[in-house]
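Colleague: Data: my_file_37.txt, compact mmCIF, C-alpha atoms.
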```txt
# COMPACT_ATOMS: atom_id res chain seq x y z
CA MET A 114 -3.05 -19.94 55.35
CA ARG A 115 -4.25 -17.53 52.67
CA ARG A 116 -1.61 -15.50 50.81
CA PRO A 117 -2.51 -11.79 50.31
CA PRO A 118 -3.01 -10.44 46.79
CA ASP A 119 -0.01 -9.26 44.78
CA PRO A 120 0.21 -5.61 43.52
CA ARG A 121 -1.58 -6.45 40.25
CA LEU A 122 -4.47 -8.02 42.13
CA TRP A 123 -4.39 -5.03 44.46
CA ARG A 124 -4.91 -2.68 41.52
CA ARG A 125 -7.87 -4.84 40.50
CA TRP A 126 -9.28 -4.49 44.03
CA ARG A 127 -8.97 -0.72 43.88
CA GLY A 128 -10.56 -0.62 40.42
CA SER A 129 -13.46 -2.75 41.60
CA MET A 130 -13.78 -0.61 44.70
CA ILE A 131 -13.96 2.63 42.72
CA ALA A 132 -16.54 1.18 40.33
CA VAL A 133 -18.70 0.00 43.25
CA LEU A 134 -18.38 3.32 45.03
CA ILE A 135 -19.29 5.38 42.00
CA ALA A 136 -22.25 3.14 41.18
CA GLY A 137 -23.71 2.71 44.65
CA SER A 138 -22.33 5.20 47.19
CA ALA A 139 -21.85 8.46 45.34
CA GLY A 140 -23.18 10.52 48.23
CA GLN A 141 -20.59 9.70 50.96
CA GLY A 142 -17.08 10.74 51.86
CA VAL A 143 -14.79 11.49 48.94
CA ILE A 144 -17.03 9.57 46.54
CA PRO A 145 -18.75 12.70 45.07
CA ASN A 146 -15.32 13.78 43.95
CA LEU A 147 -14.71 10.42 42.29
CA ALA A 148 -18.11 10.55 40.56
CA SER A 149 -17.53 14.13 39.42
CA ALA A 150 -14.16 13.17 38.02
CA ALA A 151 -15.72 10.29 36.10
CA GLN A 152 -18.45 12.56 34.73
CA GLY A 153 -16.11 15.48 34.00
CA SER A 154 -14.96 13.91 30.77
CA GLY A 155 -18.38 14.53 29.19
CA PRO A 156 -17.62 17.97 27.70
CA ILE A 157 -14.24 16.73 26.49
CA ASP A 158 -15.84 13.69 24.84
CA GLN A 159 -18.39 15.95 23.17
CA ALA A 160 -15.67 18.31 21.98
CA GLU A 161 -13.61 15.38 20.67
CA HIS A 162 -16.65 14.03 18.80
CA ARG A 163 -17.19 17.49 17.32
CA LEU A 164 -13.50 17.64 16.42
CA ASP A 165 -13.72 14.29 14.62
CA ALA A 166 -16.82 15.46 12.76
CA ALA A 167 -15.13 18.74 11.81
CA ASN A 168 -12.04 16.91 10.55
CA LEU A 169 -14.18 14.52 8.49
CA ALA A 170 -16.20 17.43 7.08
CA ALA A 171 -13.01 19.32 6.23
CA GLN A 172 -11.65 16.28 4.41
CA HIS A 173 -14.94 15.83 2.54
CA HIS A 174 -15.10 19.47 1.47
CA ALA A 175 -11.42 19.48 0.46
CA ALA A 176 -11.97 16.39 -1.71
CA ALA A 177 -15.09 17.92 -3.25
CA ALA A 178 -13.22 21.17 -3.93
CA ALA A 179 -10.40 19.28 -5.64
CA ALA A 180 -12.90 17.29 -7.74
CA ALA A 181 -14.74 20.47 -8.74
CA GLN A 182 -11.46 22.12 -9.67
CA ARG A 183 -10.48 19.16 -11.85
CA ALA A 184 -13.89 19.16 -13.52
CA ALA A 185 -13.63 22.91 -14.14
CA ARG A 186 -10.26 22.44 -15.81
CA ILE A 187 -11.72 19.71 -18.03
CA ALA A 188 -14.63 22.01 -18.95
CA ASP A 189 -12.20 24.81 -19.81
CA ALA A 190 -10.26 22.43 -22.05
CA GLN A 191 -13.48 21.35 -23.76
CA ALA A 192 -14.45 24.98 -24.35
CA ALA A 193 -11.03 25.69 -25.84
CA ALA A 194 -11.39 22.66 -28.15
CA LEU A 195 -14.81 23.88 -29.28
CA VAL A 196 -13.40 27.33 -30.05
CA SER A 197 -10.70 25.65 -32.15
CA SER A 198 -13.44 23.80 -34.04
CA GLU A 199 -15.21 27.09 -34.62
CA ILE A 200 -12.03 28.63 -36.01
CA THR A 201 -11.53 25.65 -38.37
CA ALA A 202 -15.11 25.88 -39.65
CA ALA A 203 -14.73 29.62 -40.23
CA ALA A 204 -11.50 29.03 -42.19
CA THR A 205 -13.26 26.47 -44.43
CA LEU A 206 -16.09 28.91 -45.07
CA ARG A 207 -13.57 31.61 -45.86
CA GLU A 208 -12.02 29.46 -48.58
CA THR A 209 -15.43 29.00 -50.20
CA GLN A 210 -16.10 32.71 -49.95
CA ASP A 211 -12.73 33.52 -51.55
CA GLN A 212 -13.45 31.20 -54.51
CA THR A 213 -16.83 32.82 -54.98
CA ALA A 214 -15.23 36.26 -54.91
CA LEU A 215 -12.84 35.24 -57.72
CA ILE A 216 -15.73 34.06 -59.87
CA VAL A 217 -17.63 37.26 -59.18
CA ALA A 218 -14.63 39.35 -60.21
CA LYS A 219 -14.22 37.40 -63.45
CA LEU A 220 -17.92 37.71 -64.18
CA ASP A 221 -17.77 41.45 -63.58
CA ARG A 222 -14.91 41.88 -66.01
CA LEU A 223 -16.65 39.69 -68.58
CA THR A 224 -19.87 41.65 -68.13
CA THR A 225 -18.04 44.91 -68.79
CA ALA A 226 -16.29 43.55 -71.89
CA THR A 227 -19.51 42.04 -73.21
CA ALA A 228 -21.37 45.33 -72.74
CA ALA A 229 -18.64 47.22 -74.62
CA ALA A 230 -18.68 44.73 -77.44
CA ARG A 231 -22.46 44.90 -77.69
CA ALA A 232 -22.33 48.71 -77.78
CA LYS A 233 -19.72 48.73 -80.55
CA LEU A 234 -21.68 46.12 -82.49
CA GLU A 235 -24.87 48.10 -82.19
CA ALA A 236 -23.11 51.31 -83.33
CA ASP A 237 -21.62 49.59 -86.33
CA ALA A 238 -24.96 47.98 -87.15
CA ALA A 239 -26.66 51.39 -87.01
CA ALA A 240 -24.04 52.93 -89.28
CA ILE A 241 -24.42 50.34 -92.01
CA ALA A 242 -28.16 49.85 -91.68
CA PRO A 243 -28.98 52.19 -94.69
CA LEU A 244 -26.54 50.28 -96.87
CA LEU A 245 -27.85 46.87 -96.04
CA PRO A 246 -30.25 46.67 -99.02
CA LEU A 247 -27.43 47.60 -101.41
CA ILE A 248 -25.11 45.14 -99.78
CA ALA A 249 -27.72 42.43 -100.02
CA ARG A 250 -28.23 43.25 -103.79
CA LEU A 251 -24.50 43.25 -104.39
CA ALA A 252 -24.26 39.94 -102.70
CA LEU A 253 -26.97 38.51 -104.90
CA HIS A 254 -26.41 40.36 -108.19
CA PRO A 255 -23.10 42.16 -108.07
CA ALA A 256 -22.74 42.81 -111.85
CA ALA A 257 -26.27 44.04 -112.45
CA THR A 258 -26.10 46.30 -109.39
CA LEU A 259 -22.89 47.94 -110.55
CA LEU A 260 -24.17 48.46 -114.13
CA ALA A 261 -27.31 50.06 -112.84
CA ALA A 262 -25.38 52.50 -110.66
CA ASP A 263 -25.02 56.08 -112.03
CA ALA A 264 -21.39 56.35 -110.92
CA ALA A 265 -18.32 55.69 -112.98
CA PRO A 266 -17.46 52.07 -113.21
CA GLY A 267 -14.24 52.47 -111.30
CA LYS A 268 -15.88 54.26 -108.44
CA ALA A 269 -18.67 51.76 -108.33
CA ALA A 270 -16.24 48.84 -108.13
CA GLU A 271 -14.23 50.57 -105.44
CA GLY A 272 -17.38 51.21 -103.43
CA ALA A 273 -18.37 47.62 -103.72
CA LEU A 274 -15.02 46.47 -102.41
CA VAL A 275 -15.23 48.85 -99.51
CA MET A 276 -18.69 47.61 -98.62
CA GLN A 277 -17.46 44.04 -98.74
CA GLY A 278 -14.66 44.88 -96.28
CA ILE A 279 -17.06 46.60 -93.95
CA THR A 280 -19.37 43.66 -94.19
CA ARG A 281 -16.59 41.24 -93.24
CA GLU A 282 -15.57 43.38 -90.23
CA ILE A 283 -19.13 43.60 -89.07
CA GLY A 284 -19.42 39.83 -89.37
CA GLN A 285 -16.25 39.31 -87.34
CA ARG A 286 -17.49 41.66 -84.67
CA ALA A 287 -20.80 39.89 -84.58
CA ALA A 288 -19.01 36.54 -84.17
CA SER A 289 -16.90 37.96 -81.34
CA LEU A 290 -20.03 39.26 -79.69
CA ARG A 291 -21.65 35.86 -79.93
CA ARG A 292 -18.61 34.25 -78.34
CA ALA A 293 -18.68 36.86 -75.57
CA ARG A 294 -22.34 36.14 -74.98
CA ARG A 295 -21.67 32.43 -74.73
CA ARG A 296 -18.82 33.07 -72.28
CA TYR A 297 -21.05 35.39 -70.31
CA ALA A 298 -23.80 32.80 -70.20
CA HIS A 299 -21.30 30.12 -69.03
CA LEU A 300 -19.92 32.36 -66.32
CA SER A 301 -23.41 33.39 -65.28
CA THR A 302 -24.33 29.73 -64.88
CA ALA A 303 -21.13 29.05 -62.92
CA LEU A 304 -21.75 32.11 -60.75
CA THR A 305 -25.30 31.03 -60.04
CA ALA A 306 -24.10 27.57 -59.01
CA GLN A 307 -21.32 29.05 -56.92
CA GLN A 308 -23.69 31.47 -55.27
CA ALA A 309 -26.03 28.56 -54.43
CA ALA A 310 -23.11 26.60 -52.99
CA LEU A 311 -22.03 29.70 -51.05
CA THR A 312 -25.54 30.18 -49.68
CA LEU A 313 -25.69 26.51 -48.61
CA SER A 314 -22.24 26.72 -47.07
CA ILE A 315 -23.13 29.88 -45.17
CA THR A 316 -26.38 28.35 -43.95
CA THR A 317 -24.61 25.17 -42.85
CA GLN A 318 -21.82 27.13 -41.23
CA GLN A 319 -24.27 29.33 -39.38
CA ALA A 320 -26.20 26.32 -38.12
CA GLN A 321 -22.99 24.60 -37.03
CA GLU A 322 -21.74 27.78 -35.46
CA ALA A 323 -25.02 28.16 -33.54
CA VAL A 324 -24.68 24.61 -32.22
CA LEU A 325 -21.04 25.25 -31.45
CA GLN A 326 -21.85 28.47 -29.65
CA ARG A 327 -24.49 26.72 -27.56
CA ARG A 328 -22.01 23.99 -26.65
CA ILE A 329 -19.38 26.57 -25.79
CA ALA A 330 -21.88 28.49 -23.66
CA ALA A 331 -22.95 25.26 -21.90
CA VAL A 332 -19.37 24.20 -21.25
CA ARG A 333 -18.45 27.66 -20.00
CA GLN A 334 -21.51 27.70 -17.77
CA GLN A 335 -20.50 24.30 -16.43
CA ALA A 336 -16.99 25.55 -15.83
CA ALA A 337 -18.34 28.60 -14.03
CA THR A 338 -20.63 26.42 -11.91
CA LEU A 339 -17.77 24.07 -11.06
CA SER A 340 -15.50 26.99 -10.24
CA ALA A 341 -18.17 28.39 -7.93
CA ARG A 342 -18.60 24.96 -6.36
CA HIS A 343 -14.85 24.68 -5.90
CA ALA A 344 -14.77 28.06 -4.20
CA ALA A 345 -17.71 27.11 -1.96
CA GLU A 346 -16.19 23.76 -1.02
CA ALA A 347 -12.86 25.43 -0.35
CA ARG A 348 -14.58 27.93 1.95
CA GLU A 349 -16.40 25.09 3.75
CA ALA A 350 -13.15 23.16 4.13
CA SER A 351 -11.43 26.26 5.50
CA ALA A 352 -14.30 26.87 7.93
CA ASP A 353 -14.22 23.23 9.08
CA ALA A 354 -10.46 23.39 9.53
CA ALA A 355 -10.84 26.59 11.56
CA GLN A 356 -13.52 24.90 13.68
CA ALA A 357 -11.23 21.91 14.18
CA ARG A 358 -8.42 24.22 15.34
CA SER A 359 -10.86 25.95 17.69
CA LEU A 360 -12.04 22.59 19.05
CA VAL A 361 -8.43 21.50 19.62
CA GLY A 362 -7.95 24.62 21.72
CA LEU A 363 -11.25 23.99 23.52
CA ILE A 364 -10.27 20.40 24.32
CA GLY A 365 -6.95 21.61 25.68
CA ARG A 366 -8.68 24.17 27.89
CA LEU A 367 -11.24 21.61 29.09
CA ARG A 368 -8.52 19.13 29.96
CA HIS A 369 -6.60 21.82 31.79
CA GLN A 370 -9.75 22.81 33.69
CA GLN A 371 -10.46 19.15 34.42
CA ALA A 372 -6.94 18.65 35.75
CA GLN A 373 -7.30 21.76 37.92
CA ALA A 374 -10.68 20.58 39.19
CA ALA A 375 -9.30 17.11 39.94
CA ALA A 376 -6.40 18.65 41.82
CA ALA A 377 -8.79 20.85 43.76
CA ARG A 378 -10.98 17.86 44.62
CA ALA A 379 -7.92 15.89 45.70
CA ARG A 380 -6.81 18.75 47.93
CA ALA A 381 -10.31 19.04 49.39
CA ALA A 382 -10.46 15.29 49.99
CA ALA A 383 -7.04 15.33 51.62
CA ALA A 384 -8.16 18.20 53.83
CA ARG A 385 -11.14 16.16 55.05
CA ILE A 386 -8.92 13.22 56.05
CA PRO A 387 -7.04 13.79 59.33
CA ALA A 388 -3.33 13.99 58.65
CA PRO A 389 -1.41 10.92 59.92
CA ALA A 390 1.62 11.23 62.11
CA GLY A 391 4.61 11.71 59.89
CA ASN A 392 4.30 9.72 56.66
CA LEU A 393 2.58 6.70 58.25
CA PRO A 394 -1.03 5.90 59.25
CA LYS A 395 -2.01 6.82 62.76
CA SER A 396 -1.20 3.82 64.96
CA LEU A 397 -3.38 2.01 67.49
CA SER A 398 -2.52 1.09 71.04
CA GLY A 399 -2.98 -2.53 69.99
CA ALA A 400 -3.94 -4.97 67.22
CA PRO A 401 -7.29 -4.49 65.43
CA VAL A 402 -8.67 -7.70 66.99
CA ALA A 403 -8.28 -9.55 70.24
CA GLY A 404 -6.46 -12.81 69.82
CA THR A 405 -3.10 -14.33 69.07
CA LEU A 406 -0.67 -13.51 66.26
CA VAL A 407 -0.11 -16.84 64.51
CA ARG A 408 1.99 -15.61 61.57
CA GLY A 409 3.77 -12.31 61.19
CA PHE A 410 4.90 -10.28 58.18
CA GLY A 411 7.75 -11.96 56.31
CA GLN A 412 7.44 -15.34 58.01
CA ALA A 413 7.57 -18.42 55.85
CA SER A 414 4.34 -19.83 54.51
CA ALA A 415 3.33 -22.38 51.90
CA ALA A 416 3.09 -19.54 49.38
CA GLY A 417 6.33 -17.85 50.40
CA PRO A 418 7.08 -14.99 52.83
CA ALA A 419 3.88 -13.60 54.37
CA THR A 420 2.95 -10.09 53.27
CA GLY A 421 0.76 -9.37 56.32
CA ASP A 422 -0.15 -10.46 59.86
CA THR A 423 -2.59 -13.30 60.66
CA PHE A 424 -4.43 -13.34 63.99
CA ALA A 425 -6.36 -16.18 65.60
CA ALA A 426 -9.31 -14.20 66.99
CA THR A 427 -11.27 -14.76 70.20
CA PRO A 428 -14.93 -15.87 69.91
CA GLY A 429 -17.04 -13.09 68.30
CA ALA A 430 -14.17 -10.59 68.66
CA VAL A 431 -14.79 -6.99 67.58
CA VAL A 432 -12.62 -5.78 64.72
CA THR A 433 -11.58 -2.11 64.96
CA ALA A 434 -10.22 0.29 62.33
CA ALA A 435 -6.44 0.16 62.11
CA CYS A 436 -6.27 3.84 61.05
CA THR A 437 -8.40 6.92 60.51
CA GLY A 438 -9.71 7.05 56.96
CA ASN A 439 -12.47 6.09 54.58
CA VAL A 440 -13.91 2.63 53.94
CA VAL A 441 -13.45 2.14 50.21
CA PHE A 442 -14.23 -1.59 49.89
CA ALA A 443 -16.37 -3.89 52.02
CA GLN A 444 -17.69 -7.09 50.46
CA PRO A 445 -16.74 -10.73 49.93
CA PHE A 446 -13.72 -11.13 47.70
CA GLN A 447 -12.70 -14.47 46.15
CA SER A 448 -11.35 -16.94 48.77
CA TYR A 449 -10.59 -14.22 51.35
CA GLY A 450 -14.16 -14.06 52.54
CA LYS A 451 -15.47 -10.70 53.69
CA LEU A 452 -12.74 -8.18 53.02
CA MET A 453 -12.50 -4.49 53.97
CA ILE A 454 -10.12 -1.83 52.70
CA ILE A 455 -9.60 1.44 54.61
CA ASP A 456 -7.92 4.29 52.75
CA CYS A 457 -5.69 5.93 55.37
CA GLY A 458 -4.46 8.69 53.06
CA GLN A 459 -1.08 9.47 51.47
CA GLY A 460 -1.08 6.14 49.64
CA TYR A 461 -1.58 3.92 52.71
CA ASP A 462 -4.34 1.29 52.82
CA PHE A 463 -5.19 -1.29 55.49
CA VAL A 464 -6.65 -4.57 54.19
CA MET A 465 -8.48 -6.83 56.63
CA ALA A 466 -10.05 -10.16 55.62
CA GLY A 467 -12.02 -12.84 57.52
CA PHE A 468 -14.96 -10.81 58.90
CA ASP A 469 -18.19 -12.49 59.92
CA ARG A 470 -20.09 -9.17 59.84
CA PHE A 471 -19.41 -5.61 58.66
CA ASP A 472 -20.36 -2.70 60.92
CA ALA A 473 -19.08 0.02 58.55
CA ALA A 474 -20.26 0.75 55.03
CA VAL A 475 -18.39 1.74 51.92
CA GLY A 476 -17.84 5.51 51.83
CA GLN A 477 -18.01 5.86 55.62
CA THR A 478 -15.28 7.76 57.43
CA VAL A 479 -13.96 5.87 60.47
CA ARG A 480 -11.55 6.78 63.22
CA ALA A 481 -8.70 4.66 64.51
CA GLY A 482 -10.09 2.18 67.05
CA GLN A 483 -13.69 2.51 65.88
CA PRO A 484 -15.49 -0.88 65.53
CA VAL A 485 -15.94 -1.79 61.87
CA GLY A 486 -17.07 -5.45 62.20
CA SER A 487 -16.82 -8.67 64.15
CA MET A 488 -15.41 -12.17 63.86
CA ALA A 489 -17.41 -15.43 63.89
CA ARG A 490 -18.19 -17.25 67.10
CA TYR A 491 -16.65 -20.69 67.50
CA ASP A 492 -16.53 -23.62 69.90
CA PRO A 493 -13.77 -22.88 72.44
CA HIS A 494 -13.29 -26.59 72.88
CA ASP A 495 -12.41 -26.91 69.20
CA PRO A 496 -9.54 -24.43 68.72
CA GLY A 497 -8.81 -25.80 65.27
CA ASN A 498 -11.84 -23.90 64.01
CA GLN A 499 -10.70 -20.59 65.54
CA PRO A 500 -11.51 -17.73 63.08
CA ARG A 501 -8.56 -15.94 61.51
CA LEU A 502 -8.22 -12.25 60.70
CA TYR A 503 -5.68 -11.37 58.05
CA VAL A 504 -4.34 -7.81 58.26
CA GLU A 505 -2.14 -6.23 55.61
CA LEU A 506 -0.76 -2.70 55.21
CA ARG A 507 -0.01 -1.43 51.71
CA HIS A 508 1.74 1.74 50.58
CA HIS A 509 0.98 2.70 46.98
CA GLY A 510 -0.02 -0.91 46.37
CA ALA A 511 3.14 -2.53 47.84
CA ALA A 512 2.83 -4.58 51.05
CA ILE A 513 4.85 -3.31 54.02
CA ASP A 514 5.25 -4.63 57.57
CA PRO A 515 2.29 -3.43 59.66
CA ALA A 516 4.23 -4.04 62.90
CA GLY A 517 4.56 -0.82 64.88
CA HIS A 518 1.65 0.79 63.07
CA PHE A 519 -0.76 -0.88 65.52
CA GLY A 520 1.07 0.75 68.42
CA ALA A 521 2.27 -0.79 71.66
CA GLY A 522 0.45 -3.64 73.28
CA ALA A 523 -0.12 -5.84 70.20
CA ALA A 524 -1.43 -9.27 71.06
CA ALA A 525 1.32 -11.78 71.94
CA ARG A 526 3.93 -10.78 69.38
```
Would you mind writing the file's structure down as structure tokens?
Modeller:
Amino acid sequence: MRRPPDPRLWRRWRGSMIAVLIAGSAGQGVIPNLASAAQGSGPIDQAEHRLDAANLAAQHHAAAAAAAQRAARIADAQAAALVSSEITAAATLRETQDQTALIVAKLDRLTTATAAARAKLEADAAAIAPLLPLIARLALHPAATLLAADAAPGKAAEGALVMQGITREIGQRAASLRRARRRYAHLSTALTAQQAALTLSITTQQAQEAVLQRRIAAVRQQAATLSARHAAEAREASADAAQARSLVGLIGRLRHQQAQAAAARARAAAARIPAPAGNLPKSLSGAPVAGTLVRGFGQASAAGPATGDTFAATPGAVVTAACTGNVVFAQPFQSYGKLMIIDCGQGYDFVMAGFDRFDAAVGQTVRAGQPVGSMARYDPHDPGNQPRLYVELRHHGAAIDPAGHFGAGAAAR
């Protein structure tokens, strides 16, 4: 005798049944509700995909903003270093300029002193110019010159001595002037060289400063660009984060709406199924097939206590629905042969296996006692080949005793 499926196998049956119903019978019974429920996750899936994309974009923009901020800080540091270089170059130029200023001041003082000495020398030279012939004669012929003079000898000698003193002073002043001129010429040469060096230094410094200024401008422009990029990326990251928060709220609302819709569909489906008596499926006045009960629920079998009833059916017997409900599965299943499941509502399901033919289709609503199939014909002289109908009642997937749910008049219990 076949042993009915355990609860885990039962869940597999129901999963297979739902898949078959959604794929092939979406227009009958409660199946549109099942199909709608399966399709209702589309907007949520789309919103979740958008949420993932928004989160990834927010992460990307946040990383880009951080990188731009780091680059901007580096550019600011480079600009500060270039300004320091500019300050150092200016200080070096200032030292050269200070040295040149000292030389210029010395040269100015020397020029003034030289001019004064030249003026004094020229005045003295002009004063003694008329006496130069006499001085030259005295120098060459002092005795003859004095004897030829008309003055007294004493006065003549005194005048000669005076002229000699003046001559010596003029000579000393002339020598001082010559030294001043040489000093002036030396300083002029030094000043010229220093001025050339200063001009070269200024030119070099200006060229370097121009390059430095261009580098500073470029670095500052880069820093400004990076700062702007950082601000833009930060705004994009904030916008993406806001979109992600909005999508989270949207997903929550969609799921809430989906749950409400599913509950509404469940209520509508329950309303279409006739309510059973009490908490149990509506019973029959007899077993779902004519024949003899050969093993009842809980009786010992090779596989352990039976979880359903097994009937030995009469030749070609009609099988009727054991409750009012919807046919949710009707096809061959593993070693059970043709198997039908009727959803009776409120978690109850009748399972019947061993059909020769189905007369009800998946998704069809049947009433208690309505024919749903038939058993195989057999040779009445060979009872060993009598067809068997296995009937099982499950509540929320757990097998329960179907006795009493067929009603009075069950076959030979």
Colleague: Write out as a ChimeraX atom specification the residues lying within 7 Å of Cys457 of chain A, counting only C-alpha atoms and excluding same-chain residues fewer than 6 positions away.
Modeller: /A:394,436-439
Colleague: Have a look at A:Ala400, A:Gln444, A:Pro428, A:Lys219 and name the one nearest to Gly482 of chain A; count only C-alpha atoms.
Modeller: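 Under the stated criterion, the closest residue is A:Ala400.
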Colleague: Between A:Gly517, A:Thr420, A:Pro401, A:Leu195, which residue has the minimum interatomic distance to Met465 of chain A, considering all atoms listed in the file?
Modeller: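 Among the listed residues, the smallest separation from Met465 of chain A belongs to A:Pro401.
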Colleague: Skip segment 281-290 of chain A itself and residues of its chain fewer than 6 positions away, then list as a count of residues only all residues within 12 Å of it, counting only C-alpha atoms.
Modeller: 25
Colleague: Dump as an NGL selection string all residues having an atom at most 9 Å from (-14.2, 4.2, 62.5), computed in the file's coordinates with all atoms listed in the file.
Modeller: :A and (433-440 or 473 or 477-485)
Colleague: Could you jot down the atom CA of Thr205 of chain A to atom CA of Val332 of chain A separation for me, Å, one decimal place?
Modeller: 24.1 Å
Colleague: Extract, using only C-alpha atoms, all DNA, RNA and protein residues at most 12 Å from Gln318 of chain A, discarding same-chain residues fewer than 2 positions from it, and format them as a JSON list (two decimals) with C-alpha atoms, in the frame of the given file.
Modeller:
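Written file, part_10.json:
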```json
[["chain", "number", "residue", "atom", "x", "y", "z"],
["A", 198, "SER", "CA", -13.44, 23.80, -34.04],
["A", 199, "GLU", "CA", -15.21, 27.09, -34.62],
["A", 200, "ILE", "CA", -12.03, 28.63, -36.01],
["A", 201, "THR", "CA", -11.53, 25.65, -38.37],
["A", 202, "ALA", "CA", -15.11, 25.88, -39.65],
["A", 203, "ALA", "CA", -14.73, 29.62, -40.23],
["A", 204, "ALA", "CA", -11.50, 29.03, -42.19],
["A", 205, "THR", "CA", -13.26, 26.47, -44.43],
["A", 206, "LEU", "CA", -16.09, 28.91, -45.07],
["A", 207, "ARG", "CA", -13.57, 31.61, -45.86],
["A", 209, "THR", "CA", -15.43, 29.00, -50.20],
["A", 210, "GLN", "CA", -16.10, 32.71, -49.95],
["A", 310, "ALA", "CA", -23.11, 26.60, -52.99],
["A", 311, "LEU", "CA", -22.03, 29.70, -51.05],
["A", 312, "THR", "CA", -25.54, 30.18, -49.68],
["A", 313, "LEU", "CA", -25.69, 26.51, -48.61],
["A", 314, "SER", "CA", -22.24, 26.72, -47.07],
["A", 315, "ILE", "CA", -23.13, 29.88, -45.17],
["A", 316, "THR", "CA", -26.38, 28.35, -43.95],
["A", 320, "ALA", "CA", -26.20, 26.32, -38.12],
["A", 321, "GLN", "CA", -22.99, 24.60, -37.03],
["A", 322, "GLU", "CA", -21.74, 27.78, -35.46],
["A", 323, "ALA", "CA", -25.02, 28.16, -33.54],
["A", 324, "VAL", "CA", -24.68, 24.61, -32.22],
["A", 325, "LEU", "CA", -21.04, 25.25, -31.45],
["A", 326, "GLN", "CA", -21.85, 28.47, -29.65]]
```
Colleague: Interatomic distance between atom CA of Gly365 of chain A and atom CA of Ala171 of chain A?
Modeller: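 If I compute the distance from atom CA of Gly365 of chain A to atom CA of Ala171 of chain A, I get 20.5 Å.
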Colleague: Which one of A:Ala178, A:Ala419, A:Ala443, A:Ala489 sits closest to Val431 of chain A if you count only C-alpha atoms?
Modeller: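 Checking each candidate against Val431 of chain A, we get A:Ala489 as the closest.
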